[in-house]
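Chemist: Shown below is the structure under consideration.
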Amino acid sequence: MFRDQLNEDRIRSINRVHREMKIYFPEYKEALGKVDGAFSLELLKKAPFPEELTELGEDGIKQIWHEDKLRGRGYSRAGEI
């Protein structure tokens, strides 16, 4: 019963994050795909607002991912963001 309650709380929290992202930053999901993926979470830690991501630019975004040792196809999406 406790496990079910924790799972419901987790799903509720994830849905809140998705809702807030749709309201304040709707293009984010299109650019990165998952809001709760590793690449996405690192960006949100360093630059949580659209203006900050714009200031970073493509090279700044790639630098954040490089510093956190993230590898994969996310690098190609840096320009889209």
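In the structure tokens, chains take letters A, B, ... by order of appearance, with residues numbered from 1 within each chain and ligands from 1 in the order shown.
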Considering only C-alpha atoms, tabulate each residue of segment 9-53 of chain A that lies at most 12 Å from segment 61-80 of chain A along with its nearest interatomic pair and the corresponding distance in Å to one decimal; arrange the rows by chain and ascending residue number and present them as CSV.
Modeler:
residue,atom,partner,partner_atom,distance
A:Glu27,CA,A:Glu80,CA,9.7
A:Tyr28,CA,A:Glu80,CA,9.4
A:Lys29,CA,A:Glu80,CA,11.0
A:Glu30,CA,A:Glu80,CA,8.9
A:Ala31,CA,A:Glu80,CA,5.8
A:Leu32,CA,A:Arg77,CA,6.7
A:Gly33,CA,A:Gly74,CA,9.6
A:Lys34,CA,A:Gly74,CA,10.8
A:Gly37,CA,A:Gly74,CA,10.0
A:Ala38,CA,A:Leu70,CA,7.8
A:Phe39,CA,A:Gly74,CA,6.7
A:Ser40,CA,A:Gly74,CA,9.0
A:Leu41,CA,A:Trp65,CA,10.3
A:Glu42,CA,A:Trp65,CA,7.2
A:Leu43,CA,A:Ile64,CA,7.2
A:Leu44,CA,A:Ile64,CA,10.6
A:Lys45,CA,A:Ile64,CA,10.0
A:Lys46,CA,A:Ile64,CA,7.9
A:Ala47,CA,A:Ile61,CA,9.2
A:Glu52,CA,A:Ile61,CA,10.3
A:Leu53,CA,A:Ile61,CA,7.5
Chemist: What separation in Å, quoted to one decimal, exists between atom CA of Pro50 of chain A and atom CA of Tyr24 of chain A?
Modeler: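 Computing it gives 8.7 Å between the two atoms.
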Chemist: What is the distance between atom CA of Val35 of chain A and atom CA of Asp4 of chain A, in Å to one decimal?
Modeler: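 Value for the atom CA of Val35 of chain A-atom CA of Asp4 of chain A distance: 23.6 Å.
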Chemist: From the DSSP assignment of the backbone, select every residue of chain A that is alpha helix (DSSP H), and format the answer as a PDB file with C-alpha atoms, in the first residue's frame.
Modeler:
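Final output, saved to part_26.pdb:
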ATOM      1  CA  PHE A   2       2.870   2.371   0.857  1.00  0.00           C
ATOM      2  CA  ARG A   3       4.570   1.531  -2.450  1.00  0.00           C
ATOM      3  CA  ASP A   4       1.391   2.405  -4.359  1.00  0.00           C
ATOM      4  CA  GLN A   5       1.150   5.716  -2.532  1.00  0.00           C
ATOM      5  CA  LEU A   6       4.784   6.563  -3.317  1.00  0.00           C
ATOM      6  CA  ASN A   7       4.244   5.679  -6.964  1.00  0.00           C
ATOM      7  CA  GLU A   8       1.185   7.934  -7.170  1.00  0.00           C
ATOM      8  CA  ASP A   9       3.147  10.788  -5.570  1.00  0.00           C
ATOM      9  CA  ARG A  10       5.980  10.299  -8.058  1.00  0.00           C
ATOM     10  CA  ILE A  11       3.590  10.352 -11.018  1.00  0.00           C
ATOM     11  CA  ARG A  12       1.851  13.425  -9.620  1.00  0.00           C
ATOM     12  CA  SER A  13       5.186  15.244  -9.300  1.00  0.00           C
ATOM     13  CA  ILE A  14       6.221  14.327 -12.830  1.00  0.00           C
ATOM     14  CA  ASN A  15       2.903  15.584 -14.155  1.00  0.00           C
ATOM     15  CA  ARG A  16       3.408  18.895 -12.322  1.00  0.00           C
ATOM     16  CA  VAL A  17       6.808  19.348 -13.937  1.00  0.00           C
ATOM     17  CA  HIS A  18       5.380  18.572 -17.374  1.00  0.00           C
ATOM     18  CA  ARG A  19       2.520  21.015 -16.819  1.00  0.00           C
ATOM     19  CA  GLU A  20       4.821  23.842 -15.725  1.00  0.00           C
ATOM     20  CA  MET A  21       7.120  23.224 -18.670  1.00  0.00           C
ATOM     21  CA  LYS A  22       4.177  23.356 -21.098  1.00  0.00           C
ATOM     22  CA  ILE A  23       3.050  26.663 -19.625  1.00  0.00           C
ATOM     23  CA  TYR A  24       6.379  28.489 -19.278  1.00  0.00           C
ATOM     24  CA  GLU A  27       9.149  24.608 -27.106  1.00  0.00           C
ATOM     25  CA  TYR A  28      11.492  22.796 -24.709  1.00  0.00           C
ATOM     26  CA  LYS A  29       9.887  19.365 -25.092  1.00  0.00           C
ATOM     27  CA  GLU A  30      10.013  19.637 -28.879  1.00  0.00           C
ATOM     28  CA  ALA A  31      13.716  20.468 -28.805  1.00  0.00           C
ATOM     29  CA  LEU A  32      14.887  17.901 -26.251  1.00  0.00           C
ATOM     30  CA  ALA A  38      19.788  13.459 -18.355  1.00  0.00           C
ATOM     31  CA  PHE A  39      20.582  16.136 -20.953  1.00  0.00           C
ATOM     32  CA  SER A  40      17.454  18.061 -20.074  1.00  0.00           C
ATOM     33  CA  LEU A  41      17.963  17.938 -16.316  1.00  0.00           C
ATOM     34  CA  GLU A  42      21.529  19.239 -16.552  1.00  0.00           C
ATOM     35  CA  LEU A  43      20.366  22.176 -18.657  1.00  0.00           C
ATOM     36  CA  LEU A  44      17.557  22.987 -16.247  1.00  0.00           C
ATOM     37  CA  LYS A  45      19.994  22.975 -13.307  1.00  0.00           C
ATOM     38  CA  LYS A  46      22.284  25.539 -14.952  1.00  0.00           C
ATOM     39  CA  PRO A  50      14.469  30.451 -21.646  1.00  0.00           C
ATOM     40  CA  GLU A  51      16.403  33.728 -21.546  1.00  0.00           C
ATOM     41  CA  GLU A  52      19.347  32.039 -19.840  1.00  0.00           C
ATOM     42  CA  LEU A  53      19.468  29.293 -22.463  1.00  0.00           C
ATOM     43  CA  THR A  54      19.429  31.906 -25.214  1.00  0.00           C
ATOM     44  CA  GLU A  55      22.347  33.695 -23.573  1.00  0.00           C
ATOM     45  CA  LEU A  56      24.332  30.439 -23.386  1.00  0.00           C
ATOM     46  CA  GLY A  57      23.913  29.710 -27.067  1.00  0.00           C
ATOM     47  CA  GLU A  58      24.742  26.433 -28.753  1.00  0.00           C
ATOM     48  CA  ASP A  59      28.350  26.340 -27.564  1.00  0.00           C
ATOM     49  CA  GLY A  60      27.377  27.081 -23.968  1.00  0.00           C
ATOM     50  CA  ILE A  61      24.827  24.282 -23.943  1.00  0.00           C
ATOM     51  CA  LYS A  62      27.348  21.834 -25.369  1.00  0.00           C
ATOM     52  CA  GLN A  63      29.875  22.970 -22.753  1.00  0.00           C
ATOM     53  CA  ILE A  64      27.424  22.195 -19.925  1.00  0.00           C
ATOM     54  CA  TRP A  65      26.904  18.693 -21.289  1.00  0.00           C
ATOM     55  CA  HIS A  66      30.643  18.204 -21.802  1.00  0.00           C
ATOM     56  CA  GLU A  67      31.446  19.260 -18.225  1.00  0.00           C
TER      57      GLU A  67
END
